[in-house]
Number of protein chains: 2
Amino acid sequence: MTSPDPAFYHPAPRAQQFCSQCGHALSREIPPDDNRIRDLCHHCGAVHYQNPRNVVGVVPILGDRVLLCRRAIEPRYGKWTLPAGFMELGETTEQGAERENQEESGARIEIQSLLTVIDVPLVNQVHLYYLADVLGPDLAPGPETLEAAFFALDEIPWNELAFRTVSTTLEHYLQDRARGDFPTHHYAINLRFPD
Amino acid sequence: MTSPDPAFYHPAPRAQQFCSQCGHALSREIPPDDNRIRDLCHHCGAVHYQNPRNVVGVVPILGDRVLLCRRAIEPRYGKWTLPAGFMELGETTEQGAERENQEESGARIEIQSLLTVIDVPLVNQVHLYYLADVLGPDLAPGPETLEAAFFALDEIPWNELAFRTVSTTLEHYLQDRARGDFPTHHYAINLRFPD
């Protein structure tokens, strides 16, 4: 098979025109027994619901340092982030967070507790970050990461962080560490970074 | 337009055959720069990622009683549940939980804290339950609910509950109430109810 340029491929947008089941054109209307507009197929009856996605990640701690990754992809190319990405089918949030860390930093970690649950409704996402112990200094960043590095907790590059979910999660970690207690924090972020 | 029988319509299954963007047949293969099989379109380049869904709900408390709803839909028709359902686009988990309560019980509530975050990987879901104060005894159950009723905390119909996410959330509530502290609990459920 002839392979097109990788740049040819892209995530399918939310707006959809054709039924994934039978290929017929979709209608946008309220289905029977529902109360909001959906993409539905009058040919085969399939209703194409859409839902928010979860982003799962870790706060990887090695002693007095936190592991951050510099993004090799848009959005926020070149900015520092916690290892995180979209949750996949068939995994738990914790397994997804561990997988994303493996893909982006390559550090060996042990997941601890759930630190933050953050609603980001403007982009239809929920972000979940786990505390994790880093088991050794070896790193093996993947293709989505320009570099991975440990930062002393008083040298976090606050002005070069990629997302508000990352900066607020780190703030909660520092406050919890000072207090010696790590409960799960839940909040919503209603604006894109920076705001 | 001629309206088919409401039973004609059904949620589109996860398996998909045609591209939602251009209507061409999809291929199942690993896209460039990816590491797992996706549904992708060689015609327009759209990659059709799929992700777990969030179910959001409430534990509605009025004094020493909890509000439960008896399901008028499958699965678990006729069993008792906490008001909950799929999170929709454009809302936070908290707004979704409030909406589901409104649709299923009609009770006026005030959301308090996030009580449980439960991974259910076998059905590709994450369930999130909020504690909520019920502001008055009036109920107005919707079409997905056979009846809504308040149960004394020592008269919860444990053997008639619909899902393990519901029973374990109620167990956490009772333990937290006895202790006077309501942190967020996170855990995974790996088997379908009953197990």
# chains A, B, ... in the order shown; residues from 1 in each chain; ligands from 1
call {"tool": "residues_around", "arguments": {"residues": "region 179-190 of chain B", "least_positions_apart": "4", "cutoff": "9 Å", "atoms": "only C-alpha atoms", "output": "list in words"}}
result
Thr92, Ser113, Leu114, Pro183, Thr184, His185 and His186 of chain A; Ser113, Leu114, Leu115, Thr116, Val117, Ile118, Asp119, Val120, Pro121, Leu122, Val126, Leu131, Arg164, Thr165, Thr169, His172, Tyr173, Leu174 and Gln175 of chain B
call {"tool": "write_last_selection", "arguments": {"atoms": "N, CA and C atoms", "output": "PDB file, in the first residue's frame"}}
result
ATOM      1  N   THR A  92      -7.462   1.878  33.089  1.00  0.00           N
ATOM      2  CA  THR A  92      -7.923   2.763  34.145  1.00  0.00           C
ATOM      3  C   THR A  92      -7.204   4.106  34.005  1.00  0.00           C
ATOM      4  N   SER A 113      -1.087   8.400  45.032  1.00  0.00           N
ATOM      5  CA  SER A 113      -2.514   8.735  45.117  1.00  0.00           C
ATOM      6  C   SER A 113      -2.947   9.685  44.007  1.00  0.00           C
ATOM      7  N   LEU A 114      -4.274   9.808  43.861  1.00  0.00           N
ATOM      8  CA  LEU A 114      -4.867  10.746  42.912  1.00  0.00           C
ATOM      9  C   LEU A 114      -4.790  12.150  43.510  1.00  0.00           C
ATOM     10  N   PRO A 183      -4.447  15.032  49.947  1.00  0.00           N
ATOM     11  CA  PRO A 183      -5.806  14.639  49.561  1.00  0.00           C
ATOM     12  C   PRO A 183      -6.014  14.870  48.062  1.00  0.00           C
ATOM     13  N   THR A 184      -7.134  14.367  47.524  1.00  0.00           N
ATOM     14  CA  THR A 184      -7.495  14.633  46.135  1.00  0.00           C
ATOM     15  C   THR A 184      -8.188  15.993  46.051  1.00  0.00           C
ATOM     16  N   HIS A 185      -7.712  16.826  45.122  1.00  0.00           N
ATOM     17  CA  HIS A 185      -8.291  18.161  44.923  1.00  0.00           C
ATOM     18  C   HIS A 185      -9.152  18.163  43.662  1.00  0.00           C
ATOM     19  N   HIS A 186     -10.325  18.752  43.749  1.00  0.00           N
ATOM     20  CA  HIS A 186     -11.173  18.877  42.569  1.00  0.00           C
ATOM     21  C   HIS A 186     -11.521  20.344  42.327  1.00  0.00           C
TER      22      HIS A 186
ATOM     23  N   SER B 113     -19.065  18.176  47.904  1.00  0.00           N
ATOM     24  CA  SER B 113     -17.726  17.780  47.432  1.00  0.00           C
ATOM     25  C   SER B 113     -17.766  16.531  46.551  1.00  0.00           C
ATOM     26  N   LEU B 114     -16.647  16.297  45.879  1.00  0.00           N
ATOM     27  CA  LEU B 114     -16.476  15.092  45.056  1.00  0.00           C
ATOM     28  C   LEU B 114     -16.188  13.910  45.983  1.00  0.00           C
ATOM     29  N   LEU B 115     -17.057  12.892  45.965  1.00  0.00           N
ATOM     30  CA  LEU B 115     -16.938  11.790  46.927  1.00  0.00           C
ATOM     31  C   LEU B 115     -16.169  10.597  46.357  1.00  0.00           C
ATOM     32  N   THR B 116     -16.505  10.172  45.133  1.00  0.00           N
ATOM     33  CA  THR B 116     -15.824   9.001  44.572  1.00  0.00           C
ATOM     34  C   THR B 116     -15.443   9.225  43.106  1.00  0.00           C
ATOM     35  N   VAL B 117     -14.285   8.674  42.736  1.00  0.00           N
ATOM     36  CA  VAL B 117     -13.810   8.607  41.349  1.00  0.00           C
ATOM     37  C   VAL B 117     -13.497   7.129  41.117  1.00  0.00           C
ATOM     38  N   ILE B 118     -14.268   6.474  40.237  1.00  0.00           N
ATOM     39  CA  ILE B 118     -14.209   5.017  40.127  1.00  0.00           C
ATOM     40  C   ILE B 118     -13.915   4.617  38.689  1.00  0.00           C
ATOM     41  N   ASP B 119     -12.782   3.957  38.492  1.00  0.00           N
ATOM     42  CA  ASP B 119     -12.468   3.412  37.176  1.00  0.00           C
ATOM     43  C   ASP B 119     -13.234   2.119  36.948  1.00  0.00           C
ATOM     44  N   VAL B 120     -13.869   2.012  35.788  1.00  0.00           N
ATOM     45  CA  VAL B 120     -14.570   0.781  35.409  1.00  0.00           C
ATOM     46  C   VAL B 120     -14.105   0.410  34.005  1.00  0.00           C
ATOM     47  N   PRO B 121     -12.855  -0.110  33.913  1.00  0.00           N
ATOM     48  CA  PRO B 121     -12.241  -0.274  32.587  1.00  0.00           C
ATOM     49  C   PRO B 121     -12.941  -1.292  31.689  1.00  0.00           C
ATOM     50  N   LEU B 122     -13.620  -2.280  32.282  1.00  0.00           N
ATOM     51  CA  LEU B 122     -14.278  -3.291  31.438  1.00  0.00           C
ATOM     52  C   LEU B 122     -15.378  -2.696  30.575  1.00  0.00           C
ATOM     53  N   VAL B 126     -15.411   5.972  33.510  1.00  0.00           N
ATOM     54  CA  VAL B 126     -14.998   6.481  34.815  1.00  0.00           C
ATOM     55  C   VAL B 126     -16.237   7.106  35.443  1.00  0.00           C
ATOM     56  N   LEU B 131     -21.241  14.401  46.583  1.00  0.00           N
ATOM     57  CA  LEU B 131     -22.173  14.596  47.689  1.00  0.00           C
ATOM     58  C   LEU B 131     -23.055  15.789  47.383  1.00  0.00           C
ATOM     59  N   ARG B 164     -22.308  -1.710  41.152  1.00  0.00           N
ATOM     60  CA  ARG B 164     -21.308  -1.704  42.229  1.00  0.00           C
ATOM     61  C   ARG B 164     -20.740  -0.310  42.442  1.00  0.00           C
ATOM     62  N   THR B 165     -20.715   0.534  41.415  1.00  0.00           N
ATOM     63  CA  THR B 165     -20.280   1.919  41.636  1.00  0.00           C
ATOM     64  C   THR B 165     -21.231   2.618  42.605  1.00  0.00           C
ATOM     65  N   THR B 169     -20.067   3.537  46.473  1.00  0.00           N
ATOM     66  CA  THR B 169     -20.147   4.967  46.789  1.00  0.00           C
ATOM     67  C   THR B 169     -20.975   5.187  48.054  1.00  0.00           C
ATOM     68  N   HIS B 172     -18.903   4.199  51.073  1.00  0.00           N
ATOM     69  CA  HIS B 172     -17.959   5.262  51.438  1.00  0.00           C
ATOM     70  C   HIS B 172     -18.678   6.404  52.153  1.00  0.00           C
ATOM     71  N   TYR B 173     -19.860   6.759  51.664  1.00  0.00           N
ATOM     72  CA  TYR B 173     -20.593   7.847  52.315  1.00  0.00           C
ATOM     73  C   TYR B 173     -20.879   7.508  53.774  1.00  0.00           C
ATOM     74  N   LEU B 174     -21.363   6.295  54.030  1.00  0.00           N
ATOM     75  CA  LEU B 174     -21.719   5.916  55.404  1.00  0.00           C
ATOM     76  C   LEU B 174     -20.484   5.910  56.304  1.00  0.00           C
ATOM     77  N   GLN B 175     -19.363   5.377  55.790  1.00  0.00           N
ATOM     78  CA  GLN B 175     -18.122   5.362  56.585  1.00  0.00           C
ATOM     79  C   GLN B 175     -17.638   6.785  56.862  1.00  0.00           C
TER      80      GLN B 175
END
call {"tool": "interface_residues", "arguments": {"of": "chain A", "to": "chain B", "cutoff": "8 Å", "atoms": "only C-alpha atoms", "output": "PyMOL selection string"}}
result
chain A and resi 6+8-12+15-25+31-33+44-54+86-93+114+119-124+126+183-186+188
call {"tool": "select_by_dssp", "arguments": {"residues": "region 127-168 of chain B", "states": "strand (DSSP E or B)", "output": "MDAnalysis selection string"}}
result
chainID B and resid 127:134 145:152 161
call {"tool": "write_last_selection", "arguments": {"atoms": "N, CA and C atoms", "output": "short mmCIF file (atom, residue, chain, number, x, y, z; two decimals), in the first residue's frame"}}
result
data_model
loop_
_atom_site.label_atom_id
_atom_site.label_comp_id
_atom_site.auth_asym_id
_atom_site.auth_seq_id
_atom_site.Cartn_x
_atom_site.Cartn_y
_atom_site.Cartn_z
N HIS B 127 -16.55 6.70 36.68
CA HIS B 127 -17.73 7.22 37.36
C HIS B 127 -17.29 8.23 38.43
N LEU B 128 -17.96 9.37 38.50
CA LEU B 128 -17.64 10.40 39.49
C LEU B 128 -18.93 10.78 40.22
N TYR B 129 -18.93 10.61 41.55
CA TYR B 129 -20.11 10.92 42.36
C TYR B 129 -19.83 12.08 43.32
N TYR B 130 -20.77 13.02 43.35
CA TYR B 130 -20.70 14.17 44.25
C TYR B 130 -21.68 14.01 45.39
N LEU B 131 -21.24 14.40 46.58
CA LEU B 131 -22.17 14.60 47.69
C LEU B 131 -23.05 15.79 47.38
N ALA B 132 -24.34 15.70 47.75
CA ALA B 132 -25.26 16.82 47.52
C ALA B 132 -26.27 16.90 48.65
N ASP B 133 -26.57 18.13 49.07
CA ASP B 133 -27.66 18.35 50.01
C ASP B 133 -28.96 18.50 49.24
N VAL B 134 -29.99 17.79 49.67
CA VAL B 134 -31.31 17.97 49.09
C VAL B 134 -31.99 19.11 49.83
N THR B 145 -36.88 7.05 35.11
CA THR B 145 -37.04 6.66 36.51
C THR B 145 -38.46 6.16 36.77
N LEU B 146 -38.60 4.93 37.30
CA LEU B 146 -39.92 4.41 37.65
C LEU B 146 -40.47 5.13 38.87
N GLU B 147 -39.61 5.33 39.88
CA GLU B 147 -39.99 6.09 41.06
C GLU B 147 -38.73 6.59 41.75
N ALA B 148 -38.86 7.69 42.48
CA ALA B 148 -37.75 8.22 43.28
C ALA B 148 -38.23 8.23 44.72
N ALA B 149 -37.33 7.90 45.66
CA ALA B 149 -37.76 7.81 47.06
C ALA B 149 -36.59 8.03 48.00
N PHE B 150 -36.90 8.56 49.18
CA PHE B 150 -35.89 8.73 50.23
C PHE B 150 -35.83 7.46 51.07
N PHE B 151 -34.61 7.00 51.35
CA PHE B 151 -34.40 5.82 52.19
C PHE B 151 -33.61 6.23 53.43
N ALA B 152 -34.09 5.79 54.61
CA ALA B 152 -33.28 5.95 55.82
C ALA B 152 -31.95 5.24 55.60
N LEU B 161 -29.69 -2.77 44.60
CA LEU B 161 -28.98 -1.66 43.95
C LEU B 161 -28.52 -2.08 42.56
#
call {"tool": "closest_residue", "arguments": {"among": "A:Gly57, A:Pro137, A:Gly63, A:Gly78", "to": "Arg99 (chain A)", "atoms": "only C-alpha atoms"}}
result
A:Gly57
call {"tool": "atom_distance", "arguments": {"atom1": "CA of Asp176 (chain A)", "atom2": "CA of Glu110 (chain B)"}}
result
27.6 Å
call {"tool": "residues_around", "arguments": {"residues": "Thr81 (chain A)", "least_positions_apart": "5", "cutoff": "6 Å", "atoms": "only C-alpha atoms", "output": "list in words"}}
result
Leu68, Cys69, Leu161 and Ala162 of chain A
call {"tool": "write_last_selection", "arguments": {"atoms": "all heavy atoms", "output": "PDB file, in the first residue's frame"}}
result
ATOM      1  N   LEU A  68       9.837  16.994  34.669  1.00  0.00           N
ATOM      2  CA  LEU A  68       9.006  17.665  33.656  1.00  0.00           C
ATOM      3  C   LEU A  68       9.503  17.300  32.260  1.00  0.00           C
ATOM      4  O   LEU A  68      10.667  16.923  32.081  1.00  0.00           O
ATOM      5  CB  LEU A  68       9.063  19.191  33.838  1.00  0.00           C
ATOM      6  CG  LEU A  68       8.559  19.748  35.172  1.00  0.00           C
ATOM      7  CD1 LEU A  68       8.753  21.273  35.214  1.00  0.00           C
ATOM      8  CD2 LEU A  68       7.089  19.393  35.406  1.00  0.00           C
ATOM      9  N   CYS A  69       8.605  17.429  31.290  1.00  0.00           N
ATOM     10  CA  CYS A  69       8.932  17.136  29.891  1.00  0.00           C
ATOM     11  C   CYS A  69       8.670  18.374  29.040  1.00  0.00           C
ATOM     12  O   CYS A  69       7.656  19.049  29.223  1.00  0.00           O
ATOM     13  CB  CYS A  69       8.059  15.989  29.377  1.00  0.00           C
ATOM     14  SG  CYS A  69       8.345  14.413  30.204  1.00  0.00           S
ATOM     15  N   LEU A 161       5.560  26.886  31.766  1.00  0.00           N
ATOM     16  CA  LEU A 161       4.708  25.693  31.841  1.00  0.00           C
ATOM     17  C   LEU A 161       3.647  25.751  30.740  1.00  0.00           C
ATOM     18  O   LEU A 161       3.200  26.822  30.338  1.00  0.00           O
ATOM     19  CB  LEU A 161       4.040  25.592  33.209  1.00  0.00           C
ATOM     20  CG  LEU A 161       5.005  25.370  34.383  1.00  0.00           C
ATOM     21  CD1 LEU A 161       4.225  25.300  35.701  1.00  0.00           C
ATOM     22  CD2 LEU A 161       5.842  24.107  34.194  1.00  0.00           C
ATOM     23  N   ALA A 162       3.250  24.568  30.274  1.00  0.00           N
ATOM     24  CA  ALA A 162       2.403  24.486  29.081  1.00  0.00           C
ATOM     25  C   ALA A 162       0.937  24.796  29.351  1.00  0.00           C
ATOM     26  O   ALA A 162       0.260  25.413  28.522  1.00  0.00           O
ATOM     27  CB  ALA A 162       2.517  23.094  28.461  1.00  0.00           C
TER      28      ALA A 162
END
call {"tool": "atom_distance", "arguments": {"atom1": "CA of Ala97 (chain B)", "atom2": "CA of Asp138 (chain B)"}}
result
18.5 Å
call {"tool": "select_by_dssp", "arguments": {"residues": "region 6-121 of chain B", "states": "helix (DSSP H, G or I)", "output": "JSON, numbers by chain"}}
result
{"B": [6, 7, 8, 93, 94, 95, 96, 97, 98, 99, 100, 101, 102, 103, 104, 121]}
